[in-house]
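> Next up is a structure, given as structure tokens.
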Amino acid sequence: MEKLILHSFPFSVSENDFFSSVSIDPEDDPELAKEALEVFRAGLAVARPKAVCACLPTDVSGSRVSIGHVTLENEFIAQKLSAGGICVPYVGTCGAEVRVWAETLSDPMHSWWADGLMLLLLREAMKALSEQVRSRFFPGAPHVTSLNPGSLSHWPIEGQTDLFAMLSGGAEEIGVELTPSMLMLPAKSGSGIFFSSSREYENCELCPRTDCPNRRMPYSGTTEWRTE
């Protein structure tokens, strides 16, 4: 297993991105924007987004897939990973430092702004991790995408337990814990499995929630993945 931990990397969150994430127009309400910027800068000063992944051998036999030392009985995952030979489980997070800071805020509006900042920090962690994974583990691959426990019924949220096991303590090393209800803490954390494929794929194409703000691909019109 080759484990990669990103705990100190350049990242950038702009004031404009922050204002957009918390729905503030500085021209319409400059006083509110000034107050929000104070919260933004305080959080950014302590922020340490992080990510971890592990490149693992993948063996598929029918509906059974072995990823490192973890074996899953899941036809959907087996089909998606059947051609790769390797895959890369991962966890990314806004970081425990900014979460601890956010918990000190007593004003609900300030907490809302902190939440927006933490989401942007998670995106920075995932951007940095994705770039590393593509260049290090899948150079030249036509497409690199991911599966995420809980994003589709084909891999329920309970799959988080298996994913954390694949990382052999890696999530804990970057300060992410998994609760009994499968919630990750800090809440602004993300997990999944990167894999290479011959065609572009996003979970979105099998998800009927057309009003999702994070949609990256149109809904195919069916949740049935076996039509491929």
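FYI, nothing fancy with the structure tokens labels: chains A, B, ... in order, residues from 1 per chain, ligands from 1 as they appear.
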As a ChimeraX atom specification, please: every residue in stretch 11-224 of chain A that DSSP puts in strand (DSSP E or B).
/A:50-61,64-67,70-73,86-93,143-147,149,152,155,177-178,184-185,189-197
> Could you name the residues that touch stretch 55-61 of chain A at 7 Å or less, counting only C-alpha atoms, but leaving out those on the same chain fewer than 3 positions away, as a ChimeraX atom specification?
/A:1-3,64-68,78,82,85-88
> So, counting only C-alpha atoms, which residue among A:Ala125, A:Ala114, A:Val100, A:Leu147 is closest to A:Glu38?
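Among the listed residues, the smallest separation from A:Glu38 belongs to A:Ala114.
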